[in-house]
Amino acid sequence: MMFKRISMGIGAAAFLLALAGCGAGGGEAQGKGAPGPMPVGFVTLREEPVTLTVELPGRTTAFETSEVRPQVNGLVRARLFTEGDYVRQGQALYRIDAAPYQAQVASARAALTRARAGTASSAALARRYGELVKINAIARQEYENALTTSNQAGADVAAQSAALRSAQIDLARTTITAPISGRIGRSVFTTGALVSAAQAEPLATIQRLDPVYVDIQQSSADLLRLREQIVAGGLTRGGARVRLRLETGSVYSLQGTLRFADVTVDPATGSQTIRATFGNPNGLLLPGMFVRAELVEGVQGRAILVPQRAVTRNERGQPTVLVVGRGDLAELRPIQTSRTVGENWLVTGGVRPGDRVIVEGAMMLRPGMPVRPRPWTDRPPARPTAARPTAAQAK
C-alpha cells in the first residue's frame, strides 16, 4: 500500500513538471512570434496634367442620302444596276417607257415650226405698213394693228420654244440617273411597274458611306458643366479627335473629327447631339450601327490621381484611403473623387501632393498600426502569402 502511494506521488510531480515546462516553452514561442510593422507598398501623390475623356453612345449615319424618285409617269422598262453596288453620280439606273414623251417632243417641235412661219408673214406686213404710214397711204391704226400682230407672232415662237424644251426635259427624265455617288440599296419597284412623279415611295435609296457621320448623345447638363469648368480655368480645351469603339468591343482603326454640337436640347431626353465624321474606306461602318465614341473633354493641368486599388469605402459609402502618416503609422483619410481616369481615381480633396498612399497590404491594416513602407510597383517581388494578401485580394 505504501509503495502504491509513493508511485502516485511521483507521477503527480512529473505531471506538474511537464505542465510547467509546456508553459515556459509556450511563452518563449509567443514572444518570438510577436508581429512587427506590416510591410506595405505606397505611391507618392503628385500633381500632373491629365487629359479627360468621356465615352458616349452614338449611331452611325450616312454622309449623304438620296432617294431615287421618278419625275415622270410611265412603265418601268428596265433596271440598269445591281442592288448593293456602288453607283456614280449621273449613272443610268432605270428606264421608263419613252414613247409618249417622244410624241410630245415631236408635237412641240411642229408647233414651233408653225409659229415661226407665222412670224415671217406678220413681220413682213408690219414692215410694209410702216413705209405706207410715213406717206399717209394708210391709217395709223392699221399700222399699229400689224405691228401688234407681228409681236404676238414672236411671243408665240418663244412659247412654243419653251414647250419644246419642256417636252425634251420630260423625255430625258425617262432615263432616271443617280443624283449622288454611293452605295445603292434594294430596288423597291421592278421592271413593268407603273410609277408616277407624285408617288410617296422612292424607287431605291443611295447612301454615301465614305466618310460617315457619328451622331453622339451627351447630357446637356454635362456639356454645361464642362463649359463652366473651361470658363473658370479648371480645364483647357481638348482636341477635336474622336475614337470609336464598335459593337464587338474592338476599337475602330481610324480617328474621327468632331464637327459641331447641336444648338438645341431634346426636351424628351435632355441631351444634345454631337456630330463627328470618320473615314470609312473599307465600308466597315454602316448606317444605323450602335457605337461608343471617346471624346476628349479637356486637359486638367493640376490633377491628383490615386490608383483604384488603393480606394475603399466606409460604412457610409464614402471613399477612403490609407496613407503612411507620421512615425510610419497607417492613417485613414476620407477623400473626394470626381471620376475615373484609366485605372485611377481623379481626386478633388482629402489628400495632397506628397502624401504616401498605401496601395498594397492595406487589407491587413487598421488605422494607427505601424507599417514598413516601400515604393509600390506594378509587379512587386514575391513575398510570403501569410504576411500580405495577394493582388487579387487587395483589390
# chains A, B, ... in the order shown; residues from 1 in each chain; ligands from 1

call {"tool": "closest_atom_pairs", "arguments": {"of": "region 47-102 of chain A", "to": "region 243-260 of chain A", "cutoff": "12 Å", "atoms": "only C-alpha atoms", "output": "tab-separated table"}}
result
residue	atom	partner	partner_atom	distance
A:Thr53	CA	A:Arg243	CA	10.2
A:Val54	CA	A:Arg243	CA	10.4
A:Glu55	CA	A:Leu244	CA	9.0
A:Leu56	CA	A:Leu244	CA	9.7
A:Pro57	CA	A:Arg245	CA	9.6
A:Gly58	CA	A:Leu244	CA	9.5
A:Arg59	CA	A:Leu246	CA	10.2
A:Thr60	CA	A:Leu246	CA	10.5

call {"tool": "write_last_selection", "arguments": {"atoms": "N, CA, C and O atoms", "output": "PDB file, in the first residue's frame"}}
result
ATOM      1  N   THR A  53     -11.311  62.345 -70.754  1.00  0.00           N
ATOM      2  CA  THR A  53     -12.115  61.856 -71.871  1.00  0.00           C
ATOM      3  C   THR A  53     -13.446  61.337 -71.333  1.00  0.00           C
ATOM      4  O   THR A  53     -13.596  61.076 -70.133  1.00  0.00           O
ATOM      5  N   VAL A  54     -14.398  61.206 -72.232  1.00  0.00           N
ATOM      6  CA  VAL A  54     -15.705  60.663 -71.871  1.00  0.00           C
ATOM      7  C   VAL A  54     -16.146  59.738 -72.986  1.00  0.00           C
ATOM      8  O   VAL A  54     -15.894  59.998 -74.172  1.00  0.00           O
ATOM      9  N   GLU A  55     -16.767  58.616 -72.619  1.00  0.00           N
ATOM     10  CA  GLU A  55     -17.259  57.656 -73.595  1.00  0.00           C
ATOM     11  C   GLU A  55     -18.775  57.746 -73.646  1.00  0.00           C
ATOM     12  O   GLU A  55     -19.449  57.592 -72.625  1.00  0.00           O
ATOM     13  N   LEU A  56     -19.303  58.004 -74.842  1.00  0.00           N
ATOM     14  CA  LEU A  56     -20.729  58.259 -75.002  1.00  0.00           C
ATOM     15  C   LEU A  56     -21.303  57.371 -76.106  1.00  0.00           C
ATOM     16  O   LEU A  56     -20.591  56.996 -77.049  1.00  0.00           O
ATOM     17  N   PRO A  57     -22.595  57.051 -76.013  1.00  0.00           N
ATOM     18  CA  PRO A  57     -23.221  56.236 -77.060  1.00  0.00           C
ATOM     19  C   PRO A  57     -23.510  57.070 -78.306  1.00  0.00           C
ATOM     20  O   PRO A  57     -23.729  58.282 -78.231  1.00  0.00           O
ATOM     21  N   GLY A  58     -23.522  56.407 -79.432  1.00  0.00           N
ATOM     22  CA  GLY A  58     -23.831  57.096 -80.686  1.00  0.00           C
ATOM     23  C   GLY A  58     -24.255  56.110 -81.758  1.00  0.00           C
ATOM     24  O   GLY A  58     -24.176  54.885 -81.572  1.00  0.00           O
ATOM     25  N   ARG A  59     -24.700  56.655 -82.893  1.00  0.00           N
ATOM     26  CA  ARG A  59     -25.083  55.828 -84.041  1.00  0.00           C
ATOM     27  C   ARG A  59     -24.503  56.429 -85.304  1.00  0.00           C
ATOM     28  O   ARG A  59     -24.389  57.651 -85.434  1.00  0.00           O
ATOM     29  N   THR A  60     -24.158  55.549 -86.221  1.00  0.00           N
ATOM     30  CA  THR A  60     -23.600  55.987 -87.489  1.00  0.00           C
ATOM     31  C   THR A  60     -24.722  56.433 -88.429  1.00  0.00           C
ATOM     32  O   THR A  60     -25.827  55.888 -88.414  1.00  0.00           O
TER      33      THR A  60
END

call {"tool": "select_by_dssp", "arguments": {"residues": "region 57-239 of chain A", "states": "alpha helix (DSSP H)", "output": "MDAnalysis selection string"}}
result
chainID A and resid 99:134 140:172 220:232

call {"tool": "select_by_dssp", "arguments": {"residues": "region 100-305 of chain A", "states": "strand (DSSP E or B)", "output": "PyMOL selection string"}}
result
chain A and resi 175-177+182-184+194-195+204-219+236-237+241-245+251+256-261+266+271-278+290-305

call {"tool": "atom_distance", "arguments": {"atom1": "CA of Gln199 (chain A)", "atom2": "CA of Ala99 (chain A)"}}
result
21.2 Å

call {"tool": "residues_around", "arguments": {"residues": "Gln91 (chain A)", "least_positions_apart": "5", "cutoff": "12 Å", "atoms": "only C-alpha atoms", "output": "compact mmCIF listing (two decimals) with all heavy atoms, in the first residue's frame"}}
result
# COMPACT_ATOMS: atom_id res chain seq x y z
N VAL A 68 -34.01 57.88 -104.82
CA VAL A 68 -34.19 57.88 -106.27
C VAL A 68 -35.69 57.85 -106.56
O VAL A 68 -36.38 56.89 -106.21
CB VAL A 68 -33.49 56.67 -106.92
CG1 VAL A 68 -33.69 56.69 -108.43
CG2 VAL A 68 -32.01 56.68 -106.57
N ARG A 79 -34.30 48.01 -115.43
CA ARG A 79 -33.48 48.41 -114.28
C ARG A 79 -32.03 48.20 -114.68
O ARG A 79 -31.65 47.10 -115.08
CB ARG A 79 -33.83 47.58 -113.05
CG ARG A 79 -33.21 48.10 -111.77
CD ARG A 79 -33.38 47.12 -110.64
NE ARG A 79 -32.46 45.99 -110.79
CZ ARG A 79 -32.51 44.89 -110.06
NH1 ARG A 79 -33.48 44.72 -109.19
NH2 ARG A 79 -31.62 43.93 -110.24
N LEU A 80 -31.20 49.23 -114.54
CA LEU A 80 -29.87 49.23 -115.14
C LEU A 80 -28.74 49.11 -114.11
O LEU A 80 -27.61 49.45 -114.42
CB LEU A 80 -29.68 50.50 -115.97
CG LEU A 80 -30.78 50.78 -117.00
CD1 LEU A 80 -30.56 52.13 -117.67
CD2 LEU A 80 -30.84 49.67 -118.03
N PHE A 81 -29.03 48.60 -112.92
CA PHE A 81 -27.98 48.48 -111.89
C PHE A 81 -28.20 47.19 -111.12
O PHE A 81 -29.26 46.56 -111.19
CB PHE A 81 -28.02 49.68 -110.95
CG PHE A 81 -29.25 49.75 -110.08
CD1 PHE A 81 -29.30 49.16 -108.82
CD2 PHE A 81 -30.41 50.38 -110.56
CE1 PHE A 81 -30.46 49.21 -108.05
CE2 PHE A 81 -31.56 50.43 -109.78
CZ PHE A 81 -31.58 49.84 -108.53
N ASP A 85 -24.64 47.62 -105.31
CA ASP A 85 -23.42 48.08 -105.96
C ASP A 85 -23.14 49.54 -105.66
O ASP A 85 -24.02 50.28 -105.21
CB ASP A 85 -23.54 47.89 -107.48
CG ASP A 85 -23.15 46.48 -107.91
OD1 ASP A 85 -22.78 45.68 -107.02
OD2 ASP A 85 -23.22 46.19 -109.12
N TYR A 86 -21.91 49.93 -105.96
CA TYR A 86 -21.54 51.35 -105.88
C TYR A 86 -21.89 51.99 -107.22
O TYR A 86 -21.50 51.51 -108.28
CB TYR A 86 -20.05 51.49 -105.60
CG TYR A 86 -19.59 52.92 -105.48
CD1 TYR A 86 -19.67 53.59 -104.27
CD2 TYR A 86 -19.08 53.61 -106.59
CE1 TYR A 86 -19.25 54.91 -104.15
CE2 TYR A 86 -18.67 54.92 -106.47
CZ TYR A 86 -18.76 55.57 -105.27
OH TYR A 86 -18.35 56.88 -105.16
N THR A 175 -35.10 58.41 -118.51
CA THR A 175 -33.91 57.69 -118.02
C THR A 175 -33.56 58.28 -116.66
O THR A 175 -33.13 59.45 -116.57
CB THR A 175 -32.73 57.83 -118.99
OG1 THR A 175 -33.08 57.27 -120.26
CG2 THR A 175 -31.51 57.10 -118.44
N ILE A 176 -33.75 57.52 -115.59
CA ILE A 176 -33.51 58.00 -114.23
C ILE A 176 -32.06 57.74 -113.88
O ILE A 176 -31.57 56.61 -113.96
CB ILE A 176 -34.45 57.30 -113.23
CG1 ILE A 176 -35.90 57.56 -113.61
CG2 ILE A 176 -34.18 57.76 -111.81
CD1 ILE A 176 -36.90 56.80 -112.76
N THR A 177 -31.35 58.79 -113.48
CA THR A 177 -29.92 58.68 -113.17
C THR A 177 -29.68 58.88 -111.68
O THR A 177 -30.54 59.37 -110.94
CB THR A 177 -29.13 59.72 -113.97
OG1 THR A 177 -29.60 61.04 -113.64
CG2 THR A 177 -29.30 59.50 -115.47
N ALA A 178 -28.48 58.51 -111.23
CA ALA A 178 -28.11 58.63 -109.82
C ALA A 178 -27.80 60.09 -109.49
O ALA A 178 -26.94 60.69 -110.14
CB ALA A 178 -26.90 57.75 -109.52
N PRO A 179 -28.47 60.66 -108.49
CA PRO A 179 -28.19 62.06 -108.13
C PRO A 179 -26.88 62.24 -107.40
O PRO A 179 -26.29 63.33 -107.44
CB PRO A 179 -29.39 62.44 -107.25
CG PRO A 179 -29.92 61.15 -106.72
CD PRO A 179 -29.61 60.10 -107.74
N ILE A 180 -26.40 61.20 -106.70
CA ILE A 180 -25.13 61.27 -105.99
C ILE A 180 -24.39 59.95 -106.21
O ILE A 180 -24.98 58.96 -106.66
CB ILE A 180 -25.30 61.51 -104.47
CG1 ILE A 180 -26.08 60.35 -103.83
CG2 ILE A 180 -25.98 62.84 -104.19
CD1 ILE A 180 -26.14 60.41 -102.31
N SER A 181 -23.12 59.93 -105.84
CA SER A 181 -22.34 58.69 -105.87
C SER A 181 -22.45 58.02 -104.50
O SER A 181 -22.44 58.68 -103.46
CB SER A 181 -20.87 58.98 -106.19
OG SER A 181 -20.74 59.57 -107.47
N GLY A 182 -22.55 56.70 -104.50
CA GLY A 182 -22.64 55.98 -103.24
C GLY A 182 -23.14 54.57 -103.45
O GLY A 182 -23.24 54.07 -104.58
N ILE A 184 -25.97 51.83 -103.48
CA ILE A 184 -27.41 51.80 -103.70
C ILE A 184 -28.00 50.57 -103.05
O ILE A 184 -27.40 49.49 -103.03
CB ILE A 184 -27.73 51.84 -105.21
CG1 ILE A 184 -29.22 52.10 -105.43
CG2 ILE A 184 -27.28 50.58 -105.90
CD1 ILE A 184 -29.57 52.45 -106.87
N ILE A 206 -29.81 55.77 -102.30
CA ILE A 206 -28.35 55.77 -102.43
C ILE A 206 -27.78 56.46 -101.19
O ILE A 206 -28.26 57.51 -100.77
CB ILE A 206 -27.90 56.51 -103.71
CG1 ILE A 206 -28.52 55.84 -104.94
CG2 ILE A 206 -26.39 56.53 -103.83
CD1 ILE A 206 -28.25 56.61 -106.23
